[in-house]
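K.L.:
File entry04.txt below, compact mmCIF, N, CA and C atoms:
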# COMPACT_ATOMS: atom_id res chain seq x y z
N MET A 1 44.63 -54.46 -47.34
CA MET A 1 43.36 -54.03 -47.80
C MET A 1 43.13 -52.59 -47.42
N GLN A 2 42.40 -52.02 -48.28
CA GLN A 2 42.11 -50.61 -48.08
C GLN A 2 40.61 -50.44 -47.90
N ARG A 3 40.30 -49.68 -46.87
CA ARG A 3 38.89 -49.41 -46.63
C ARG A 3 38.48 -48.20 -47.43
N LYS A 4 37.27 -48.28 -47.92
CA LYS A 4 36.73 -47.14 -48.65
C LYS A 4 35.92 -46.29 -47.68
N SER A 5 36.23 -45.07 -47.65
CA SER A 5 35.53 -44.15 -46.78
C SER A 5 34.64 -43.26 -47.62
N ASN A 6 33.43 -43.13 -47.13
CA ASN A 6 32.47 -42.29 -47.85
C ASN A 6 32.34 -40.90 -47.22
N ILE A 7 33.23 -40.56 -46.30
CA ILE A 7 33.12 -39.29 -45.62
C ILE A 7 33.38 -38.14 -46.57
N LEU A 8 34.40 -38.25 -47.35
CA LEU A 8 34.76 -37.15 -48.22
C LEU A 8 33.99 -37.13 -49.53
N THR A 9 33.55 -38.23 -49.94
CA THR A 9 32.90 -38.30 -51.24
C THR A 9 31.39 -38.18 -51.19
N SER A 10 30.79 -38.54 -50.08
CA SER A 10 29.32 -38.49 -50.05
C SER A 10 28.85 -37.06 -49.81
N LYS A 11 27.64 -36.80 -50.23
CA LYS A 11 27.03 -35.49 -50.05
C LYS A 11 26.01 -35.59 -48.92
N ARG A 12 26.37 -35.00 -47.80
CA ARG A 12 25.46 -34.99 -46.66
C ARG A 12 24.74 -33.65 -46.64
N ASN A 13 23.47 -33.71 -46.26
CA ASN A 13 22.69 -32.48 -46.14
C ASN A 13 22.75 -31.98 -44.70
N GLY A 14 22.87 -30.67 -44.51
CA GLY A 14 22.87 -30.05 -43.19
C GLY A 14 21.50 -29.53 -42.84
N MET A 15 20.49 -30.04 -43.47
CA MET A 15 19.13 -29.55 -43.27
C MET A 15 18.62 -29.85 -41.86
N ALA A 16 18.99 -30.96 -41.28
CA ALA A 16 18.52 -31.32 -39.94
C ALA A 16 19.03 -30.32 -38.91
N MET A 17 20.27 -29.91 -39.03
CA MET A 17 20.84 -28.93 -38.10
C MET A 17 20.14 -27.58 -38.25
N ILE A 18 19.89 -27.16 -39.45
CA ILE A 18 19.21 -25.88 -39.69
C ILE A 18 17.79 -25.92 -39.14
N MET A 19 17.09 -27.02 -39.33
CA MET A 19 15.74 -27.17 -38.81
C MET A 19 15.73 -27.15 -37.28
N ALA A 20 16.71 -27.80 -36.65
CA ALA A 20 16.78 -27.80 -35.18
C ALA A 20 17.02 -26.39 -34.66
N ILE A 21 17.91 -25.63 -35.30
CA ILE A 21 18.17 -24.26 -34.87
C ILE A 21 16.93 -23.40 -35.06
N ALA A 22 16.21 -23.58 -36.15
CA ALA A 22 14.99 -22.81 -36.41
C ALA A 22 13.93 -23.12 -35.36
N VAL A 23 13.77 -24.37 -34.97
CA VAL A 23 12.79 -24.76 -33.96
C VAL A 23 13.16 -24.14 -32.61
N ILE A 24 14.45 -24.17 -32.27
CA ILE A 24 14.89 -23.58 -31.00
C ILE A 24 14.62 -22.08 -30.99
N VAL A 25 14.88 -21.38 -32.11
CA VAL A 25 14.63 -19.94 -32.18
C VAL A 25 13.13 -19.63 -32.06
N VAL A 26 12.29 -20.41 -32.70
CA VAL A 26 10.84 -20.19 -32.62
C VAL A 26 10.33 -20.43 -31.20
N VAL A 27 10.77 -21.51 -30.58
CA VAL A 27 10.33 -21.81 -29.22
C VAL A 27 10.82 -20.74 -28.24
N ALA A 28 12.05 -20.27 -28.39
CA ALA A 28 12.58 -19.22 -27.51
C ALA A 28 11.80 -17.92 -27.69
N THR A 29 11.43 -17.59 -28.92
CA THR A 29 10.64 -16.38 -29.18
C THR A 29 9.27 -16.49 -28.54
N LEU A 30 8.62 -17.62 -28.65
CA LEU A 30 7.31 -17.81 -28.03
C LEU A 30 7.38 -17.74 -26.51
N LEU A 31 8.42 -18.30 -25.91
CA LEU A 31 8.57 -18.23 -24.46
C LEU A 31 8.84 -16.80 -23.99
N ALA A 32 9.63 -16.04 -24.74
CA ALA A 32 9.88 -14.65 -24.38
C ALA A 32 8.61 -13.82 -24.49
N LEU A 33 7.80 -14.06 -25.50
CA LEU A 33 6.52 -13.37 -25.65
C LEU A 33 5.57 -13.72 -24.51
N ALA A 34 5.51 -14.97 -24.13
CA ALA A 34 4.65 -15.39 -23.02
C ALA A 34 5.09 -14.75 -21.71
N LEU A 35 6.38 -14.67 -21.47
CA LEU A 35 6.89 -14.04 -20.26
C LEU A 35 6.59 -12.55 -20.25
N SER A 36 6.72 -11.89 -21.39
CA SER A 36 6.41 -10.47 -21.49
C SER A 36 4.93 -10.21 -21.22
N LEU A 37 4.05 -11.02 -21.79
CA LEU A 37 2.62 -10.86 -21.56
C LEU A 37 2.23 -11.14 -20.11
N THR A 38 2.92 -12.06 -19.47
CA THR A 38 2.64 -12.36 -18.07
C THR A 38 2.98 -11.18 -17.18
N THR A 39 4.13 -10.56 -17.39
CA THR A 39 4.50 -9.41 -16.57
C THR A 39 3.60 -8.21 -16.85
N LEU A 40 3.21 -8.03 -18.11
CA LEU A 40 2.31 -6.92 -18.46
C LEU A 40 0.94 -7.10 -17.81
N THR A 41 0.43 -8.31 -17.81
CA THR A 41 -0.85 -8.60 -17.19
C THR A 41 -0.78 -8.40 -15.68
N ASN A 42 0.32 -8.82 -15.08
CA ASN A 42 0.49 -8.64 -13.64
C ASN A 42 0.53 -7.17 -13.28
N LYS A 43 1.25 -6.36 -14.05
CA LYS A 43 1.35 -4.93 -13.77
C LYS A 43 0.00 -4.24 -13.94
N SER A 44 -0.73 -4.58 -14.98
CA SER A 44 -2.03 -3.93 -15.19
C SER A 44 -3.05 -4.35 -14.14
N SER A 45 -2.99 -5.59 -13.68
CA SER A 45 -3.93 -6.01 -12.65
C SER A 45 -3.61 -5.35 -11.30
N VAL A 46 -2.34 -5.14 -10.99
CA VAL A 46 -1.98 -4.43 -9.76
C VAL A 46 -2.41 -2.97 -9.85
N ASP A 47 -2.19 -2.33 -11.01
CA ASP A 47 -2.63 -0.94 -11.18
C ASP A 47 -4.14 -0.81 -11.05
N LEU A 48 -4.87 -1.74 -11.62
CA LEU A 48 -6.33 -1.72 -11.52
C LEU A 48 -6.79 -1.93 -10.08
N TYR A 49 -6.14 -2.82 -9.36
CA TYR A 49 -6.49 -3.06 -7.96
C TYR A 49 -6.24 -1.80 -7.11
N VAL A 50 -5.10 -1.15 -7.32
CA VAL A 50 -4.76 0.05 -6.55
C VAL A 50 -5.73 1.18 -6.90
N TYR A 51 -6.10 1.32 -8.16
CA TYR A 51 -7.06 2.35 -8.58
C TYR A 51 -8.42 2.12 -7.94
N GLU A 52 -8.89 0.89 -7.96
CA GLU A 52 -10.20 0.59 -7.36
C GLU A 52 -10.18 0.80 -5.85
N GLN A 53 -9.07 0.47 -5.21
CA GLN A 53 -8.98 0.67 -3.77
C GLN A 53 -8.98 2.17 -3.44
N ALA A 54 -8.29 2.97 -4.24
CA ALA A 54 -8.29 4.42 -4.03
C ALA A 54 -9.69 5.00 -4.26
N ASN A 55 -10.38 4.49 -5.25
CA ASN A 55 -11.75 4.95 -5.53
C ASN A 55 -12.68 4.62 -4.35
N LEU A 56 -12.56 3.44 -3.79
CA LEU A 56 -13.39 3.07 -2.64
C LEU A 56 -13.03 3.87 -1.40
N LEU A 57 -11.73 4.17 -1.23
CA LEU A 57 -11.33 5.02 -0.11
C LEU A 57 -11.91 6.42 -0.25
N ALA A 58 -11.97 6.95 -1.46
CA ALA A 58 -12.54 8.28 -1.69
C ALA A 58 -14.02 8.29 -1.36
N ARG A 59 -14.73 7.25 -1.78
CA ARG A 59 -16.16 7.17 -1.47
C ARG A 59 -16.40 7.06 0.03
N SER A 60 -15.62 6.24 0.71
CA SER A 60 -15.83 6.08 2.15
C SER A 60 -15.41 7.33 2.91
N ALA A 61 -14.40 8.06 2.42
CA ALA A 61 -14.01 9.32 3.08
C ALA A 61 -15.12 10.36 2.92
N GLY A 62 -15.80 10.37 1.79
CA GLY A 62 -16.94 11.27 1.61
C GLY A 62 -18.07 10.94 2.55
N GLU A 63 -18.33 9.66 2.73
CA GLU A 63 -19.38 9.25 3.67
C GLU A 63 -18.98 9.58 5.11
N TYR A 64 -17.69 9.44 5.42
CA TYR A 64 -17.21 9.79 6.75
C TYR A 64 -17.39 11.29 7.01
N ALA A 65 -17.10 12.11 6.01
CA ALA A 65 -17.28 13.55 6.16
C ALA A 65 -18.76 13.90 6.36
N LYS A 66 -19.65 13.23 5.63
CA LYS A 66 -21.09 13.46 5.83
C LYS A 66 -21.51 13.09 7.24
N LEU A 67 -20.96 12.00 7.76
CA LEU A 67 -21.27 11.60 9.13
C LEU A 67 -20.77 12.64 10.13
N LYS A 68 -19.56 13.13 9.93
CA LYS A 68 -19.00 14.13 10.85
C LYS A 68 -19.80 15.44 10.79
N ILE A 69 -20.24 15.83 9.60
CA ILE A 69 -21.05 17.04 9.47
C ILE A 69 -22.36 16.86 10.20
N GLY A 70 -22.97 15.69 10.07
CA GLY A 70 -24.24 15.44 10.74
C GLY A 70 -24.13 15.36 12.24
N THR A 71 -23.02 14.88 12.75
CA THR A 71 -22.90 14.73 14.20
C THR A 71 -22.34 15.97 14.88
N GLU A 72 -21.49 16.75 14.21
CA GLU A 72 -20.83 17.88 14.87
C GLU A 72 -21.50 19.21 14.61
N ASN A 73 -22.29 19.31 13.56
CA ASN A 73 -22.93 20.60 13.28
C ASN A 73 -24.27 20.67 14.00
N ASN A 74 -24.42 21.71 14.77
CA ASN A 74 -25.70 21.96 15.42
C ASN A 74 -26.09 23.40 15.15
N ASN A 75 -27.14 23.85 15.75
CA ASN A 75 -27.63 25.20 15.46
C ASN A 75 -26.70 26.29 15.95
N THR A 76 -25.94 26.04 17.01
CA THR A 76 -25.06 27.08 17.53
C THR A 76 -23.78 27.20 16.71
N ASN A 77 -23.27 26.10 16.22
CA ASN A 77 -22.04 26.14 15.44
C ASN A 77 -22.20 25.21 14.24
N ARG A 78 -22.66 25.73 13.16
CA ARG A 78 -22.93 24.90 11.99
C ARG A 78 -21.66 24.52 11.24
N CYS A 79 -20.58 25.18 11.48
CA CYS A 79 -19.34 24.94 10.71
C CYS A 79 -18.27 24.32 11.58
N ALA A 80 -18.63 23.38 12.43
CA ALA A 80 -17.65 22.79 13.33
C ALA A 80 -16.66 21.90 12.59
N TYR A 81 -17.11 21.18 11.58
CA TYR A 81 -16.23 20.24 10.89
C TYR A 81 -15.71 20.89 9.61
N THR A 82 -14.41 21.01 9.49
CA THR A 82 -13.84 21.65 8.30
C THR A 82 -12.94 20.72 7.49
N GLY A 83 -12.71 19.54 7.95
CA GLY A 83 -11.94 18.59 7.15
C GLY A 83 -10.80 17.97 7.90
N GLU A 84 -10.22 16.92 7.30
CA GLU A 84 -9.13 16.18 7.91
C GLU A 84 -8.19 15.66 6.84
N SER A 85 -7.04 15.20 7.29
CA SER A 85 -6.09 14.51 6.42
C SER A 85 -5.72 13.19 7.08
N PHE A 86 -5.67 12.14 6.29
CA PHE A 86 -5.31 10.82 6.78
C PHE A 86 -4.19 10.27 5.91
N ILE A 87 -3.37 9.46 6.51
CA ILE A 87 -2.41 8.68 5.72
C ILE A 87 -2.74 7.22 6.01
N GLU A 88 -3.35 6.58 5.05
CA GLU A 88 -3.79 5.20 5.18
C GLU A 88 -2.78 4.33 4.43
N SER A 89 -1.81 3.81 5.10
CA SER A 89 -0.69 3.02 4.57
C SER A 89 -0.04 3.74 3.38
N TYR A 90 -0.45 3.47 2.17
CA TYR A 90 0.17 4.08 0.99
C TYR A 90 -0.63 5.26 0.43
N TYR A 91 -1.83 5.47 0.93
CA TYR A 91 -2.72 6.47 0.37
C TYR A 91 -2.76 7.71 1.25
N ASN A 92 -2.77 8.87 0.62
CA ASN A 92 -2.99 10.13 1.32
C ASN A 92 -4.43 10.56 1.05
N ILE A 93 -5.21 10.74 2.10
CA ILE A 93 -6.62 11.10 1.97
C ILE A 93 -6.80 12.49 2.57
N ASN A 94 -7.27 13.43 1.76
CA ASN A 94 -7.54 14.79 2.22
C ASN A 94 -9.02 15.09 2.03
N ILE A 95 -9.65 15.60 3.09
CA ILE A 95 -11.06 15.99 3.05
C ILE A 95 -11.14 17.48 3.33
N ASN A 96 -11.70 18.22 2.40
CA ASN A 96 -11.93 19.65 2.58
C ASN A 96 -13.42 19.92 2.50
N VAL A 97 -13.94 20.65 3.48
CA VAL A 97 -15.36 20.96 3.53
C VAL A 97 -15.52 22.47 3.42
N SER A 98 -16.34 22.90 2.47
CA SER A 98 -16.67 24.32 2.32
C SER A 98 -18.17 24.47 2.55
N TYR A 99 -18.52 25.45 3.35
CA TYR A 99 -19.92 25.70 3.66
C TYR A 99 -20.40 26.90 2.86
N MET A 100 -21.56 26.75 2.24
CA MET A 100 -22.15 27.83 1.46
C MET A 100 -23.54 28.10 2.01
N TYR A 101 -23.76 29.35 2.43
CA TYR A 101 -25.01 29.71 3.07
C TYR A 101 -25.70 30.83 2.34
N ASN A 102 -26.96 30.95 2.63
CA ASN A 102 -27.75 32.06 2.14
C ASN A 102 -27.32 33.35 2.83
N ASN A 103 -27.11 33.27 4.14
CA ASN A 103 -26.65 34.41 4.93
C ASN A 103 -25.21 34.13 5.33
N ALA A 104 -24.42 35.15 5.47
CA ALA A 104 -23.05 34.97 5.91
C ALA A 104 -23.03 34.54 7.37
N VAL A 105 -22.26 33.50 7.67
CA VAL A 105 -22.11 33.02 9.04
C VAL A 105 -20.69 33.33 9.46
N ALA A 106 -20.51 33.81 10.67
CA ALA A 106 -19.21 34.32 11.11
C ALA A 106 -18.12 33.25 11.06
N THR A 107 -18.44 32.01 11.43
CA THR A 107 -17.41 30.98 11.46
C THR A 107 -17.17 30.35 10.10
N CYS A 108 -18.05 30.60 9.12
CA CYS A 108 -17.92 29.95 7.82
C CYS A 108 -17.41 30.88 6.73
N GLY A 109 -17.42 32.16 6.92
CA GLY A 109 -17.00 33.06 5.85
C GLY A 109 -18.20 33.63 5.13
N THR A 110 -17.99 34.05 3.92
CA THR A 110 -19.05 34.72 3.17
C THR A 110 -19.94 33.72 2.46
N ALA A 111 -21.13 34.17 2.14
CA ALA A 111 -22.07 33.31 1.44
C ALA A 111 -21.72 33.28 -0.04
N THR A 112 -21.76 32.11 -0.66
CA THR A 112 -21.45 31.99 -2.07
C THR A 112 -22.56 31.34 -2.87
N LEU A 113 -23.56 30.83 -2.21
CA LEU A 113 -24.64 30.13 -2.91
C LEU A 113 -25.97 30.67 -2.39
N VAL A 114 -26.84 31.07 -3.32
CA VAL A 114 -28.14 31.60 -2.93
C VAL A 114 -29.12 30.45 -2.90
N GLN A 115 -29.80 30.28 -1.77
CA GLN A 115 -30.78 29.22 -1.63
C GLN A 115 -32.04 29.78 -1.01
N THR A 116 -33.09 29.00 -1.08
CA THR A 116 -34.36 29.45 -0.51
C THR A 116 -34.43 29.19 0.98
N ASP A 117 -33.70 28.22 1.50
CA ASP A 117 -33.77 27.95 2.93
C ASP A 117 -32.65 28.67 3.66
N ASP A 118 -32.67 28.59 4.98
CA ASP A 118 -31.69 29.32 5.79
C ASP A 118 -30.42 28.53 6.06
N PHE A 119 -30.41 27.26 5.77
CA PHE A 119 -29.28 26.45 6.20
C PHE A 119 -28.13 26.48 5.20
N GLY A 120 -28.29 25.96 4.04
CA GLY A 120 -27.23 25.98 3.05
C GLY A 120 -26.75 24.59 2.67
N VAL A 121 -25.54 24.59 2.14
CA VAL A 121 -24.97 23.37 1.57
C VAL A 121 -23.53 23.24 2.03
N ALA A 122 -23.11 22.02 2.28
CA ALA A 122 -21.71 21.74 2.55
C ALA A 122 -21.13 21.06 1.31
N GLN A 123 -20.06 21.61 0.81
CA GLN A 123 -19.38 21.03 -0.36
C GLN A 123 -18.18 20.26 0.17
N ILE A 124 -18.17 18.95 -0.09
CA ILE A 124 -17.11 18.07 0.41
C ILE A 124 -16.22 17.70 -0.76
N ASP A 125 -14.94 18.05 -0.67
CA ASP A 125 -13.95 17.68 -1.68
C ASP A 125 -13.03 16.64 -1.06
N VAL A 126 -12.99 15.46 -1.67
CA VAL A 126 -12.15 14.37 -1.18
C VAL A 126 -11.09 14.08 -2.23
N THR A 127 -9.84 14.06 -1.81
CA THR A 127 -8.73 13.74 -2.70
C THR A 127 -7.97 12.56 -2.12
N VAL A 128 -7.80 11.52 -2.93
CA VAL A 128 -7.00 10.35 -2.54
C VAL A 128 -5.90 10.21 -3.57
N ASP A 129 -4.66 10.19 -3.11
CA ASP A 129 -3.56 10.00 -4.06
C ASP A 129 -2.54 9.03 -3.48
N MET A 130 -1.80 8.40 -4.40
CA MET A 130 -0.77 7.45 -4.06
C MET A 130 0.37 7.63 -5.04
N ASN A 131 1.55 7.96 -4.54
CA ASN A 131 2.70 8.22 -5.40
C ASN A 131 3.82 7.21 -5.21
N ASP A 132 3.53 6.06 -4.66
CA ASP A 132 4.55 5.05 -4.44
C ASP A 132 4.76 4.25 -5.72
N THR A 133 5.91 4.41 -6.36
CA THR A 133 6.15 3.73 -7.64
C THR A 133 6.55 2.28 -7.46
N THR A 134 6.79 1.84 -6.24
CA THR A 134 7.10 0.43 -6.04
C THR A 134 5.84 -0.43 -6.09
N ILE A 135 4.68 0.19 -5.88
CA ILE A 135 3.43 -0.56 -5.92
C ILE A 135 2.77 -0.44 -7.29
N ALA A 136 2.52 0.78 -7.73
CA ALA A 136 1.87 1.01 -9.02
C ALA A 136 2.86 1.70 -9.95
N SER A 137 2.70 1.46 -11.23
CA SER A 137 3.64 2.02 -12.20
C SER A 137 3.40 3.50 -12.44
N GLU A 138 2.20 3.99 -12.17
CA GLU A 138 1.87 5.40 -12.36
C GLU A 138 1.26 5.96 -11.08
N PRO A 139 1.46 7.25 -10.82
CA PRO A 139 0.79 7.83 -9.65
C PRO A 139 -0.72 7.86 -9.86
N ILE A 140 -1.45 7.59 -8.79
CA ILE A 140 -2.91 7.52 -8.87
C ILE A 140 -3.49 8.63 -8.01
N ARG A 141 -4.46 9.35 -8.58
CA ARG A 141 -5.12 10.45 -7.85
C ARG A 141 -6.60 10.40 -8.17
N ILE A 142 -7.42 10.35 -7.12
CA ILE A 142 -8.87 10.31 -7.25
C ILE A 142 -9.42 11.57 -6.58
N PHE A 143 -10.34 12.24 -7.25
CA PHE A 143 -10.99 13.43 -6.69
C PHE A 143 -12.50 13.23 -6.76
N LYS A 144 -13.16 13.40 -5.62
CA LYS A 144 -14.62 13.30 -5.56
C LYS A 144 -15.16 14.55 -4.89
N ARG A 145 -16.28 15.04 -5.41
CA ARG A 145 -16.96 16.20 -4.82
C ARG A 145 -18.41 15.81 -4.53
N LYS A 146 -18.86 16.16 -3.30
CA LYS A 146 -20.23 15.87 -2.89
C LYS A 146 -20.84 17.14 -2.34
N LEU A 147 -22.13 17.27 -2.52
CA LEU A 147 -22.89 18.37 -1.91
C LEU A 147 -23.87 17.78 -0.91
N VAL A 148 -23.84 18.32 0.30
CA VAL A 148 -24.71 17.83 1.36
C VAL A 148 -25.55 18.99 1.84
N GLU A 149 -26.86 18.81 1.84
CA GLU A 149 -27.75 19.86 2.36
C GLU A 149 -27.70 19.84 3.88
N LEU A 150 -27.63 21.02 4.44
CA LEU A 150 -27.57 21.14 5.90
C LEU A 150 -28.93 21.44 6.48
Show me, as structure tokens, the structure contained in the file I just sent.

P.N.:
Amino acid sequence: MQRKSNILTSKRNGMAMIMAIAVIVVVATLLALALSLTTLTNKSSVDLYVYEQANLLARSAGEYAKLKIGTENNNTNRCAYTGESFIESYYNININVSYMYNNAVATCGTATLVQTDDFGVAQIDVTVDMNDTTIASEPIRIFKRKLVEL
């Protein structure tokens, strides 16, 4: 007896294999997109956190400079505090204080601002920067300027 085989004569469709490959490609594309969005969100949230922390450090450094001006400046030496530099872990904080008076004061230099009173103004420039690329993807630099009446 001879067996009849339908392997060579029947027409089989390969549609199931094509559909399985298409589903695998679509699922792999969606997973790659989700992974890309996750890393992008993580990077932007770290950059935002570092920027906000630098901004708060700049504000607090300005307040620190105002405190130092108020405690160290007296009538005999009004220009005792001229600024400082700090390295706070990853951040470089620079405080520069310029004094502007109605009259020239020997320890402060020449007068640059005309005012009605005898004391003047202290101009506080605070710069906070961070250039560590292992933490943030871009260098961050914050600059704040304050005027304090003396």

K.L.:
Residues near segment 131-147 of chain A, anyone? I mean within 7 Å using all atoms listed in the file, not counting same-chain ones fewer than 2 positions away, as number ranges by chain.

P.N.:
A: 43, 46-47, 51, 54-55, 58, 90-92, 121-129, 149

K.L.:
I'd like the neighbourhood of Ser85 of chain A as a ChimeraX atom specification, where a residue qualifies if any of its atoms comes within 9 Å (using only C-alpha atoms), though same-chain residues fewer than 4 positions away should be ignored.

P.N.:
/A:92-96

K.L.:
So how far away is atom CA of Ala32 of chain A from atom CA of Ile18 of chain A, in Å?

P.N.:
21.2 Å

K.L.:
Rounded to one decimal place, report the atom CA of Ser60 of chain A-atom CA of Tyr99 of chain A distance in Å.

P.N.:
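Those two atoms sit 20.1 Å apart.
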
K.L.:
To one decimal place, how far is atom CA of Val97 of chain A from atom CA of Glu84 of chain A in Å?

P.N.:
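Value for the atom CA of Val97 of chain A-atom CA of Glu84 of chain A distance: 9.0 Å.
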